[in-house]
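Novice: Sharing protein_39.tsv, TSV, C-alpha atoms:
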```tsv
chain	number	residue	atom	x	y	z
A	1	MET	CA	16.56	-14.30	-47.74
A	2	LYS	CA	13.25	-13.96	-45.93
A	3	LYS	CA	13.21	-15.51	-42.46
A	4	TYR	CA	10.42	-17.65	-41.09
A	5	PRO	CA	10.75	-17.59	-37.28
A	6	PHE	CA	7.82	-19.98	-36.78
A	7	VAL	CA	9.75	-22.72	-38.61
A	8	GLN	CA	12.58	-22.42	-36.10
A	9	HIS	CA	9.96	-22.45	-33.32
A	10	ILE	CA	8.71	-25.80	-34.62
A	11	LYS	CA	12.19	-27.29	-34.71
A	12	THR	CA	13.26	-25.96	-31.31
A	13	PHE	CA	10.12	-26.96	-29.43
A	14	SER	CA	9.97	-30.34	-31.19
A	15	ILE	CA	13.50	-31.17	-30.06
A	16	LEU	CA	12.90	-29.95	-26.52
A	17	ILE	CA	9.71	-32.02	-26.25
A	18	VAL	CA	11.50	-35.04	-27.77
A	19	VAL	CA	13.96	-34.95	-24.86
A	20	ILE	CA	11.02	-35.07	-22.46
A	21	TYR	CA	9.22	-37.67	-24.59
A	22	HIS	CA	12.21	-40.03	-24.43
A	23	CYS	CA	11.94	-39.94	-20.63
A	24	LEU	CA	8.19	-40.59	-20.71
A	25	LEU	CA	8.77	-43.72	-22.82
A	26	PHE	CA	10.23	-45.40	-19.73
A	27	TYR	CA	6.69	-45.97	-18.43
A	28	SER	CA	5.07	-46.57	-21.82
A	29	ASP	CA	4.22	-49.68	-23.82
A	30	ASN	CA	6.58	-48.72	-26.67
A	31	VAL	CA	8.34	-51.93	-27.81
A	32	PHE	CA	11.25	-49.98	-29.31
A	33	PHE	CA	12.30	-48.69	-25.89
A	34	PRO	CA	14.10	-51.61	-24.17
A	35	GLU	CA	14.96	-49.66	-21.01
A	36	ARG	CA	11.55	-49.65	-19.32
A	37	ALA	CA	9.92	-49.83	-15.91
A	38	GLU	CA	8.41	-53.08	-14.65
A	39	PHE	CA	4.92	-51.65	-15.10
A	40	VAL	CA	3.20	-49.53	-17.73
A	41	SER	CA	1.32	-46.32	-16.99
A	42	PRO	CA	-1.81	-46.11	-19.20
A	43	VAL	CA	-1.90	-42.32	-18.92
A	44	ILE	CA	1.76	-41.87	-19.87
A	45	SER	CA	1.43	-44.44	-22.67
A	46	PHE	CA	-1.48	-42.50	-24.15
A	47	ILE	CA	0.47	-39.23	-23.97
A	48	CYS	CA	3.44	-40.90	-25.69
A	49	ASN	CA	1.18	-42.35	-28.39
A	50	VAL	CA	-0.27	-38.89	-29.08
A	51	LEU	CA	3.16	-37.23	-29.17
A	52	ASP	CA	4.80	-39.90	-31.34
A	53	PRO	CA	3.07	-38.89	-34.63
A	54	ILE	CA	3.64	-35.19	-33.91
A	55	LEU	CA	7.27	-34.62	-32.95
A	56	VAL	CA	9.48	-35.98	-35.74
A	57	PRO	CA	6.83	-35.39	-38.48
A	58	SER	CA	6.66	-31.72	-37.37
A	59	PHE	CA	10.38	-31.38	-37.94
A	60	PHE	CA	10.10	-32.94	-41.41
A	61	VAL	CA	7.24	-30.65	-42.44
A	62	ALA	CA	9.24	-27.63	-41.25
A	63	SER	CA	12.37	-28.81	-43.10
A	64	GLY	CA	10.32	-29.50	-46.24
A	65	PHE	CA	8.93	-25.96	-46.10
A	66	LEU	CA	12.42	-24.45	-46.19
A	67	LEU	CA	13.71	-26.49	-49.16
A	68	PRO	CA	11.83	-24.72	-52.01
A	69	VAL	CA	12.41	-21.43	-50.20
A	70	SER	CA	16.19	-22.09	-50.27
A	71	PHE	CA	15.97	-23.05	-53.97
A	72	ARG	CA	14.40	-19.68	-54.71
A	73	ASN	CA	17.06	-17.75	-52.79
A	74	LYS	CA	20.26	-19.76	-53.27
A	75	ASN	CA	21.58	-20.76	-56.66
A	76	ARG	CA	23.18	-24.02	-55.51
A	77	SER	CA	23.72	-26.94	-57.85
A	78	VAL	CA	22.18	-30.30	-56.97
A	79	LEU	CA	25.58	-31.73	-55.98
A	80	SER	CA	26.38	-28.68	-53.85
A	81	ALA	CA	23.02	-28.93	-52.08
A	82	ILE	CA	23.56	-32.65	-51.37
A	83	GLY	CA	27.06	-31.95	-50.04
A	84	ASN	CA	25.72	-29.22	-47.79
A	85	ARG	CA	23.07	-31.52	-46.28
A	86	ALA	CA	25.55	-34.36	-45.86
A	87	LYS	CA	27.84	-32.00	-43.93
A	88	ARG	CA	24.98	-30.85	-41.70
A	89	LEU	CA	23.40	-34.27	-41.08
A	90	LEU	CA	25.78	-37.18	-41.71
A	91	ILE	CA	28.94	-35.69	-40.19
A	92	PRO	CA	27.12	-34.92	-36.88
A	93	TYR	CA	25.68	-38.45	-36.94
A	94	TYR	CA	29.10	-40.08	-37.14
A	95	LEU	CA	30.76	-37.54	-34.84
A	96	TYR	CA	28.22	-37.92	-32.02
A	97	GLY	CA	27.83	-41.62	-32.75
A	98	ALA	CA	31.55	-42.33	-32.39
A	99	LEU	CA	32.34	-40.01	-29.48
A	100	TRP	CA	29.10	-40.03	-27.51
A	101	LEU	CA	26.54	-42.71	-28.36
A	102	VAL	CA	28.67	-45.86	-28.62
A	103	PRO	CA	31.02	-45.12	-25.67
A	104	LEU	CA	28.25	-44.15	-23.22
A	105	PHE	CA	25.86	-46.92	-24.20
A	106	HIS	CA	28.72	-49.40	-23.75
A	107	ILE	CA	29.99	-47.97	-20.45
A	108	PHE	CA	26.52	-47.88	-18.86
A	109	ASP	CA	25.47	-51.12	-20.63
A	110	ILE	CA	22.22	-49.61	-21.86
A	111	ASN	CA	19.80	-51.84	-23.75
A	112	SER	CA	19.05	-49.98	-26.95
A	113	PHE	CA	17.09	-51.08	-29.99
A	114	GLY	CA	19.72	-51.92	-32.63
A	115	ARG	CA	22.60	-52.42	-30.23
A	116	PRO	CA	24.32	-55.76	-31.05
A	117	GLU	CA	23.72	-58.59	-28.61
A	118	SER	CA	27.45	-59.32	-28.42
A	119	LYS	CA	27.96	-55.90	-26.73
A	120	ASN	CA	31.42	-55.86	-28.24
A	121	TRP	CA	33.11	-52.52	-28.91
A	122	ILE	CA	33.95	-53.37	-32.53
A	123	ASP	CA	30.48	-54.74	-33.29
A	124	GLU	CA	28.89	-51.66	-31.76
A	125	TYR	CA	30.96	-49.28	-33.89
A	126	VAL	CA	30.31	-51.33	-37.03
A	127	GLN	CA	26.55	-51.29	-36.38
A	128	MET	CA	26.67	-47.56	-35.63
A	129	ILE	CA	28.47	-46.93	-38.93
A	130	LEU	CA	25.78	-48.93	-40.75
A	131	GLY	CA	23.05	-46.93	-39.02
A	132	VAL	CA	21.65	-49.90	-37.07
A	133	HIS	CA	22.93	-49.01	-33.59
A	134	SER	CA	21.88	-45.37	-33.73
A	135	ASP	CA	19.20	-44.96	-31.04
A	136	HIS	CA	17.99	-41.31	-31.17
A	137	LEU	CA	20.53	-40.37	-33.88
A	138	TRP	CA	18.46	-42.33	-36.44
A	139	PHE	CA	16.67	-39.03	-37.06
A	140	LEU	CA	19.73	-37.50	-38.78
A	141	TRP	CA	20.00	-40.35	-41.31
A	142	LEU	CA	16.26	-40.30	-41.86
A	143	LEU	CA	16.21	-36.57	-42.60
A	144	PHE	CA	19.14	-36.94	-45.00
A	145	TRP	CA	17.28	-39.54	-47.11
A	146	ALA	CA	14.16	-37.39	-47.31
A	147	VAL	CA	16.09	-34.25	-48.24
A	148	LEU	CA	18.14	-36.18	-50.81
A	149	LEU	CA	15.03	-37.35	-52.65
A	150	PHE	CA	13.64	-33.84	-52.99
A	151	ILE	CA	16.97	-32.23	-53.87
A	152	LEU	CA	17.19	-34.66	-56.79
A	153	MET	CA	13.80	-33.30	-57.91
A	154	LYS	CA	15.04	-29.69	-57.82
A	155	PRO	CA	14.31	-29.03	-61.53
A	156	LEU	CA	10.68	-29.98	-60.92
A	157	LEU	CA	10.43	-28.00	-57.69
A	158	VAL	CA	11.87	-24.86	-59.25
A	159	ARG	CA	9.22	-25.04	-61.98
A	160	LYS	CA	6.52	-25.82	-59.38
A	161	LYS	CA	5.61	-29.16	-60.96
A	162	MET	CA	4.14	-30.24	-57.65
A	163	VAL	CA	1.77	-32.88	-59.01
A	164	ILE	CA	4.68	-34.76	-60.59
A	165	VAL	CA	6.76	-34.30	-57.43
A	166	SER	CA	3.90	-35.67	-55.32
A	167	VAL	CA	3.43	-38.74	-57.56
A	168	ILE	CA	7.16	-39.53	-57.41
A	169	ALA	CA	7.32	-39.00	-53.62
A	170	LEU	CA	4.25	-41.20	-53.07
A	171	ALA	CA	5.65	-43.93	-55.34
A	172	VAL	CA	9.01	-43.90	-53.56
A	173	SER	CA	7.31	-43.92	-50.17
A	174	MET	CA	5.12	-46.92	-51.06
A	175	THR	CA	8.06	-48.77	-52.61
A	176	ILE	CA	10.13	-48.31	-49.45
A	177	ASN	CA	7.23	-49.31	-47.22
A	178	PHE	CA	6.55	-52.59	-49.02
A	179	CYS	CA	9.96	-53.56	-50.44
A	180	LEU	CA	12.40	-52.37	-47.77
A	181	GLN	CA	10.30	-52.96	-44.67
A	182	TRP	CA	12.98	-55.02	-42.93
A	183	PHE	CA	16.07	-53.35	-44.42
A	184	PRO	CA	18.07	-52.46	-41.28
A	185	TYR	CA	20.83	-50.23	-42.64
A	186	PHE	CA	20.97	-46.44	-42.58
A	187	LYS	CA	17.31	-46.30	-41.47
A	188	LEU	CA	16.16	-46.26	-45.10
A	189	SER	CA	13.28	-48.61	-44.30
A	190	GLN	CA	11.74	-46.08	-41.90
A	191	THR	CA	11.54	-43.13	-44.28
A	192	ALA	CA	8.18	-43.93	-45.95
A	193	PRO	CA	5.82	-41.78	-43.80
A	194	PHE	CA	8.40	-39.05	-43.29
A	195	ILE	CA	8.87	-38.56	-47.03
A	196	LEU	CA	5.17	-37.68	-47.16
A	197	CYS	CA	5.60	-35.30	-44.19
A	198	PHE	CA	8.47	-33.64	-46.04
A	199	LEU	CA	6.27	-33.47	-49.15
A	200	ALA	CA	3.57	-31.62	-47.18
A	201	GLY	CA	6.19	-29.09	-46.09
A	202	VAL	CA	7.41	-28.70	-49.68
A	203	TRP	CA	3.85	-27.87	-50.77
A	204	PHE	CA	3.64	-25.20	-48.06
A	205	GLY	CA	7.06	-23.82	-49.02
A	206	THR	CA	6.27	-23.73	-52.73
A	207	TYR	CA	3.17	-21.65	-52.10
A	208	SER	CA	4.43	-19.86	-48.97
A	209	ASP	CA	3.04	-16.50	-50.06
A	210	LYS	CA	-0.50	-17.92	-50.14
A	211	VAL	CA	-0.08	-19.95	-46.96
A	212	GLU	CA	0.95	-16.86	-44.99
A	213	LYS	CA	-2.26	-15.10	-46.01
A	214	ILE	CA	-4.51	-17.71	-44.36
A	215	PRO	CA	-6.33	-16.09	-41.39
A	216	SER	CA	-5.19	-17.18	-37.93
A	217	TRP	CA	-8.63	-18.45	-36.93
A	218	VAL	CA	-8.65	-20.77	-39.95
A	219	LEU	CA	-5.19	-22.08	-39.03
A	220	PHE	CA	-6.29	-22.72	-35.44
A	221	ALA	CA	-9.49	-24.43	-36.61
A	222	ILE	CA	-7.71	-26.78	-39.01
A	223	ALA	CA	-5.01	-27.54	-36.42
A	224	SER	CA	-7.70	-28.41	-33.86
A	225	VAL	CA	-9.41	-30.80	-36.26
A	226	LEU	CA	-6.12	-32.51	-37.13
A	227	LEU	CA	-5.24	-32.85	-33.44
A	228	GLY	CA	-8.64	-34.48	-32.99
A	229	VAL	CA	-7.76	-36.97	-35.74
A	230	ASN	CA	-4.60	-37.88	-33.82
A	231	ILE	CA	-6.46	-38.38	-30.54
A	232	CYS	CA	-9.26	-40.40	-32.18
A	233	TYR	CA	-6.66	-42.61	-33.86
A	234	ASN	CA	-5.04	-43.36	-30.50
A	235	ILE	CA	-8.39	-44.13	-28.89
A	236	ILE	CA	-9.67	-46.39	-31.68
A	237	LYS	CA	-6.26	-47.76	-32.78
A	238	PRO	CA	-7.23	-49.06	-36.24
A	239	GLU	CA	-4.85	-51.69	-37.58
A	240	VAL	CA	-5.41	-50.96	-41.27
A	241	PHE	CA	-2.07	-50.12	-42.95
A	242	PRO	CA	-2.37	-46.47	-44.08
A	243	TRP	CA	-3.79	-45.00	-40.87
A	244	LEU	CA	-0.55	-44.49	-38.96
A	245	MET	CA	1.05	-42.95	-42.05
A	246	ILE	CA	-1.94	-40.63	-42.48
A	247	VAL	CA	-1.87	-39.61	-38.81
A	248	ARG	CA	1.87	-38.83	-38.98
A	249	VAL	CA	1.33	-36.53	-41.95
A	250	THR	CA	-1.78	-34.82	-40.52
A	251	SER	CA	-0.08	-34.36	-37.13
A	252	GLY	CA	2.98	-32.81	-38.76
A	253	VAL	CA	0.72	-30.45	-40.71
A	254	MET	CA	-1.21	-29.68	-37.50
A	255	SER	CA	1.98	-28.57	-35.76
A	256	PHE	CA	3.02	-26.45	-38.76
A	257	LEU	CA	-0.32	-24.61	-38.92
A	258	LEU	CA	-0.47	-24.18	-35.15
A	259	PHE	CA	2.96	-22.54	-34.93
A	260	LEU	CA	2.23	-20.38	-37.97
A	261	ALA	CA	-0.85	-19.07	-36.17
A	262	LEU	CA	0.98	-18.67	-32.85
A	263	SER	CA	3.78	-16.71	-34.57
A	264	ARG	CA	1.27	-13.87	-35.05
A	265	THR	CA	0.58	-13.62	-31.32
A	266	SER	CA	2.42	-11.80	-28.55
A	267	VAL	CA	3.27	-15.17	-26.95
A	268	MET	CA	5.90	-15.97	-29.55
A	269	GLU	CA	7.21	-12.39	-29.58
A	270	LYS	CA	7.94	-12.69	-25.86
A	271	THR	CA	9.43	-16.16	-26.39
A	272	ASP	CA	11.80	-14.83	-29.06
A	273	ARG	CA	13.09	-12.18	-26.64
A	274	SER	CA	13.89	-14.76	-23.97
A	275	ARG	CA	17.61	-15.42	-23.53
A	276	LEU	CA	16.93	-19.03	-22.58
A	277	TYR	CA	14.93	-19.59	-25.75
A	278	LYS	CA	17.60	-17.97	-27.93
A	279	TYR	CA	20.26	-20.18	-26.38
A	280	THR	CA	18.08	-23.28	-26.80
A	281	GLU	CA	17.31	-22.40	-30.42
A	282	SER	CA	20.98	-21.96	-31.31
A	283	HIS	CA	21.89	-25.29	-29.64
A	284	SER	CA	18.82	-27.35	-30.52
A	285	TYR	CA	20.68	-29.92	-32.64
A	286	GLN	CA	23.28	-30.47	-29.93
A	287	MET	CA	20.53	-30.79	-27.34
A	288	TYR	CA	19.00	-33.58	-29.36
A	289	CYS	CA	22.31	-35.40	-29.80
A	290	PHE	CA	23.29	-35.16	-26.11
A	291	GLY	CA	19.81	-36.09	-24.86
A	292	GLU	CA	20.53	-39.80	-24.74
A	293	PRO	CA	21.74	-41.78	-22.90
A	294	LEU	CA	21.57	-39.19	-20.09
A	295	ASN	CA	17.85	-39.86	-19.73
A	296	TYR	CA	18.46	-43.60	-19.33
A	297	VAL	CA	21.05	-43.01	-16.61
A	298	PHE	CA	18.82	-40.68	-14.56
A	299	LEU	CA	15.78	-42.91	-15.02
A	300	ARG	CA	17.76	-45.85	-13.64
A	301	ILE	CA	18.85	-43.79	-10.64
A	302	PHE	CA	15.44	-42.37	-9.73
A	303	TYR	CA	13.55	-45.54	-10.57
A	304	GLY	CA	15.58	-47.27	-7.89
A	305	ILE	CA	14.63	-44.55	-5.39
A	306	CYS	CA	11.01	-43.71	-6.19
A	307	GLY	CA	10.10	-45.89	-9.18
A	308	LYS	CA	6.61	-46.76	-7.95
A	309	ASN	CA	5.68	-43.08	-8.21
A	310	GLU	CA	6.08	-42.67	-11.96
A	311	TYR	CA	5.31	-38.94	-11.96
A	312	LEU	CA	7.95	-38.08	-9.36
A	313	THR	CA	10.49	-40.33	-11.09
A	314	LEU	CA	9.85	-38.71	-14.46
A	315	PHE	CA	9.90	-35.18	-13.03
A	316	LEU	CA	13.30	-35.71	-11.42
A	317	ALA	CA	14.73	-37.52	-14.46
A	318	ILE	CA	13.52	-34.84	-16.89
A	319	ILE	CA	14.87	-31.98	-14.76
A	320	CYS	CA	18.26	-33.67	-14.34
A	321	THR	CA	18.47	-34.63	-18.03
A	322	ILE	CA	17.72	-31.13	-19.29
A	323	ALA	CA	19.99	-29.51	-16.68
A	324	SER	CA	22.82	-31.88	-17.66
A	325	ILE	CA	22.36	-31.11	-21.35
A	326	TYR	CA	22.61	-27.37	-20.70
A	327	GLY	CA	25.66	-28.02	-18.53
A	328	ILE	CA	27.38	-30.01	-21.29
A	329	LEU	CA	26.51	-27.34	-23.87
A	330	THR	CA	27.99	-24.64	-21.61
A	331	ILE	CA	31.22	-26.61	-21.24
A	332	GLN	CA	31.27	-27.16	-25.01
A	333	ASP	CA	30.89	-23.41	-25.63
A	334	VAL	CA	33.70	-22.62	-23.16
A	335	VAL	CA	36.02	-25.11	-24.88
A	336	LYS	CA	35.18	-23.65	-28.31
A	337	SER	CA	35.79	-20.13	-27.04
A	338	LEU	CA	39.16	-21.08	-25.55
A	339	TYR	CA	40.12	-22.85	-28.78
A	340	ARG	CA	39.37	-19.74	-30.83
A	341	LYS	CA	41.30	-17.50	-28.45
A	342	ILE	CA	44.36	-19.75	-28.29
A	343	PHE	CA	44.67	-21.06	-31.84
A	344	VAL	CA	42.70	-18.75	-34.16
A	345	HIS	CA	43.95	-15.52	-32.58
A	346	ALA	CA	47.48	-16.92	-32.49
A	347	GLU	CA	47.34	-17.55	-36.25
A	348	ASP	CA	45.98	-14.06	-36.90
A	349	SER	CA	48.76	-12.44	-34.91
```
Is it possible to express this structure as structure tokens?
Specialist:
Amino acid sequence: MKKYPFVQHIKTFSILIVVIYHCLLFYSDNVFFPERAEFVSPVISFICNVLDPILVPSFFVASGFLLPVSFRNKNRSVLSAIGNRAKRLLIPYYLYGALWLVPLFHIFDINSFGRPESKNWIDEYVQMILGVHSDHLWFLWLLFWAVLLFILMKPLLVRKKMVIVSVIALAVSMTINFCLQWFPYFKLSQTAPFILCFLAGVWFGTYSDKVEKIPSWVLFAIASVLLGVNICYNIIKPEVFPWLMIVRVTSGVMSFLLFLALSRTSVMEKTDRSRLYKYTESHSYQMYCFGEPLNYVFLRIFYGICGKNEYLTLFLAIICTIASIYGILTIQDVVKSLYRKIFVHAEDS
């Protein structure tokens, strides 16, 4: 199976920036971030507003790109493909949700969007199971729904019936947006714009041979224009319904084209040879899952010490959050290694 390193670049850098982004939200005007400073930084808010339509949509475009590629190279049935994605997305959601998210949010009494007001252990686990109290892990459920829709359309994708696929995806997206707007469970109500981001990636993946032939200067030019659309949107802030959805899709496409162009440069070649990058790439999912609530804890600590200086507070919180994540991942790797040596080798002998 042909590898596409730039797709992994998108996923890795998106997750790493998301960890930083979740710290920046502390000084932003984002209503979905209950743990916030007493004042809002206009500069940081603008940066967050620009990053918001880029990060998760980029991941969906990249994932959408790989789906038709996997269909061409792996002869999996629809049920087998669904089972594979459930194992990779839903099991981590419930594993990290039960052992990490609920216990730490309860112990540190962190105000999270979706956390039950009762702050009762049982209520918190019930709401986590239903996908309501999920905080950053909402992304795993969201990606599962998007992938599920397109896996069910495998016969159409294999035959490259992309117009029909697009009509179905658009219809489902609009139906969810208008009919399930307030449906709180399993994050289904939030999938509308991300289905369209995934669709964009599926188009790129279906015609990957043609996409890869686009000259780098054209990719950079289109990416620059699409970034400009994002910035203009955040300056003007139109309230008409489709604009945010359009900006999410165009920003996801921007990131895809940008990393495709960068993959042809020496910058990414040097990045790929970096041991730190290789380690980050192989642990990117775990980094995302462990990222919260560590950021909340460090933001509370440093806000109490130097909160009036938002840049110093964020710098210290980001450094400590990322360092802690790498520390936890190292401990996790050591435990896994010891487990293999003790139990797996014992069985073999």
Novice: Taking 4 positions as the minimum chain separation for residues in the same chain, which residues sit within 10 Å of Ile246 in chain A when counting all atoms listed in the file? Answer as number ranges by chain.
Specialist: A: 53, 193, 196-197, 229-230, 241-242, 250-252
Novice: Choose the residue, out of A:Tyr296, A:Phe150, A:Trp243, A:Phe65, that has the smallest atom-to-atom separation from Thr313 in chain A; count all atoms listed in the file.
Specialist: A:Tyr296
Novice: Between A:Ile17, A:Ile235, A:Ile54, A:Val147, which residue has the minimum interatomic distance to Arg248 in chain A, considering all atoms listed in the file?
Specialist: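 For Arg248 in chain A, the nearest of the candidates is A:Ile54.
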Novice: Where does range 176-235 of chain A meet range 102-123 of chain A within 12 Å, residue by residue, with the nearest atom pair and distance in Å to one decimal for each, counting all atoms listed in the file, listed by chain and rising number, as a tab-separated table?
Specialist:
```
residue	atom	partner	partner_atom	distance
A:Pro184	CA	A:Gly114	CA	8.8
A:Tyr185	CA	A:Gly114	CA	10.2
A:Phe186	CA	A:Gly114	CA	11.4
A:Lys187	CA	A:Gly114	CA	10.7
```
Novice: I'd like the contact shell of range 203-210 of chain A - 8 Å cut-off, all atoms listed in the file, skipping same-chain residues fewer than 6 positions apart - returned as a ChimeraX atom specification.
Specialist: /A:64-69,157,160,162
Novice: Selection from above, C-alpha atoms, as an mmCIF file, in the frame of the given file, can you write it?
Specialist:
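Listing of again-v2.cif after writing:
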```cif
data_model
loop_
_atom_site.group_PDB
_atom_site.id
_atom_site.type_symbol
_atom_site.label_atom_id
_atom_site.label_comp_id
_atom_site.auth_asym_id
_atom_site.auth_seq_id
_atom_site.Cartn_x
_atom_site.Cartn_y
_atom_site.Cartn_z
ATOM 1 C CA GLY A 64 10.320 -29.500 -46.240
ATOM 2 C CA PHE A 65 8.930 -25.960 -46.100
ATOM 3 C CA LEU A 66 12.420 -24.450 -46.190
ATOM 4 C CA LEU A 67 13.710 -26.490 -49.160
ATOM 5 C CA PRO A 68 11.830 -24.720 -52.010
ATOM 6 C CA VAL A 69 12.410 -21.430 -50.200
ATOM 7 C CA LEU A 157 10.430 -28.000 -57.690
ATOM 8 C CA LYS A 160 6.520 -25.820 -59.380
ATOM 9 C CA MET A 162 4.140 -30.240 -57.650
#
```
Novice: Taking (10.4, -29.2, -31.4) in the file's own coordinates, collect the residues within 12 Å, counting only C-alpha atoms, and hand them back as a VMD selection string.
Specialist: chain A and resid 6 to 21 51 54 to 63 252 255 to 256 259 280 to 281 284 to 285 287 to 288
Novice: Could you give me, as a PyMOL selection string, the residues within 12 Å of Asn30 in chain A, counting all atoms listed in the file and dropping anything in the same chain fewer than 2 positions from it?
Specialist: chain A and resi 21-28+32-37+40-42+44-49+52+113
Novice: Taking the block above, write range 233-256 of chain A with N, CA and C atoms as a compact mmCIF listing (two decimals), in the first residue's frame.
Specialist:
```txt
# COMPACT_ATOMS: atom_id res chain seq x y z
N TYR A 233 -13.18 35.97 7.28
CA TYR A 233 -14.38 35.54 8.01
C TYR A 233 -14.30 35.98 9.47
N ASN A 234 -13.14 35.82 10.08
CA ASN A 234 -13.00 36.16 11.50
C ASN A 234 -12.90 37.66 11.75
N ILE A 235 -12.61 38.42 10.71
CA ILE A 235 -12.64 39.88 10.84
C ILE A 235 -14.07 40.40 10.68
N ILE A 236 -14.75 39.90 9.64
CA ILE A 236 -16.10 40.37 9.34
C ILE A 236 -17.15 39.72 10.25
N LYS A 237 -16.96 38.41 10.54
CA LYS A 237 -17.87 37.62 11.36
C LYS A 237 -19.32 37.68 10.88
N PRO A 238 -19.59 37.21 9.66
CA PRO A 238 -20.97 37.18 9.17
C PRO A 238 -21.80 36.17 9.96
N GLU A 239 -23.05 36.47 10.19
CA GLU A 239 -23.91 35.60 10.99
C GLU A 239 -24.83 34.73 10.13
N VAL A 240 -24.69 34.81 8.83
CA VAL A 240 -25.50 33.98 7.94
C VAL A 240 -25.08 32.53 8.11
N PHE A 241 -26.06 31.61 8.15
CA PHE A 241 -25.85 30.21 8.51
C PHE A 241 -24.66 29.51 7.83
N PRO A 242 -24.57 29.47 6.48
CA PRO A 242 -23.59 28.56 5.89
C PRO A 242 -22.14 28.98 6.04
N TRP A 243 -21.85 30.22 6.46
CA TRP A 243 -20.49 30.71 6.39
C TRP A 243 -19.50 29.94 7.25
N LEU A 244 -19.88 29.63 8.50
CA LEU A 244 -18.96 28.89 9.36
C LEU A 244 -18.70 27.50 8.79
N MET A 245 -19.73 26.86 8.24
CA MET A 245 -19.57 25.55 7.63
C MET A 245 -18.62 25.64 6.43
N ILE A 246 -18.80 26.68 5.62
CA ILE A 246 -17.94 26.87 4.44
C ILE A 246 -16.49 27.09 4.87
N VAL A 247 -16.30 27.91 5.89
CA VAL A 247 -14.94 28.22 6.35
C VAL A 247 -14.27 26.98 6.94
N ARG A 248 -15.02 26.14 7.64
CA ARG A 248 -14.43 24.89 8.16
C ARG A 248 -13.92 24.01 7.02
N VAL A 249 -14.73 23.88 5.98
CA VAL A 249 -14.34 23.03 4.85
C VAL A 249 -13.14 23.64 4.12
N THR A 250 -13.21 24.93 3.81
CA THR A 250 -12.11 25.56 3.07
C THR A 250 -10.81 25.57 3.89
N SER A 251 -10.93 25.71 5.21
CA SER A 251 -9.73 25.70 6.06
C SER A 251 -9.11 24.31 6.13
N GLY A 252 -9.97 23.28 6.18
CA GLY A 252 -9.47 21.91 6.15
C GLY A 252 -8.76 21.61 4.85
N VAL A 253 -9.33 22.08 3.74
CA VAL A 253 -8.71 21.90 2.42
C VAL A 253 -7.40 22.67 2.34
N MET A 254 -7.39 23.89 2.91
CA MET A 254 -6.17 24.70 2.94
C MET A 254 -5.03 23.95 3.59
N SER A 255 -5.30 23.36 4.75
CA SER A 255 -4.27 22.61 5.47
C SER A 255 -3.78 21.43 4.65
N PHE A 256 -4.71 20.72 4.02
CA PHE A 256 -4.36 19.56 3.19
C PHE A 256 -3.42 19.97 2.06
```
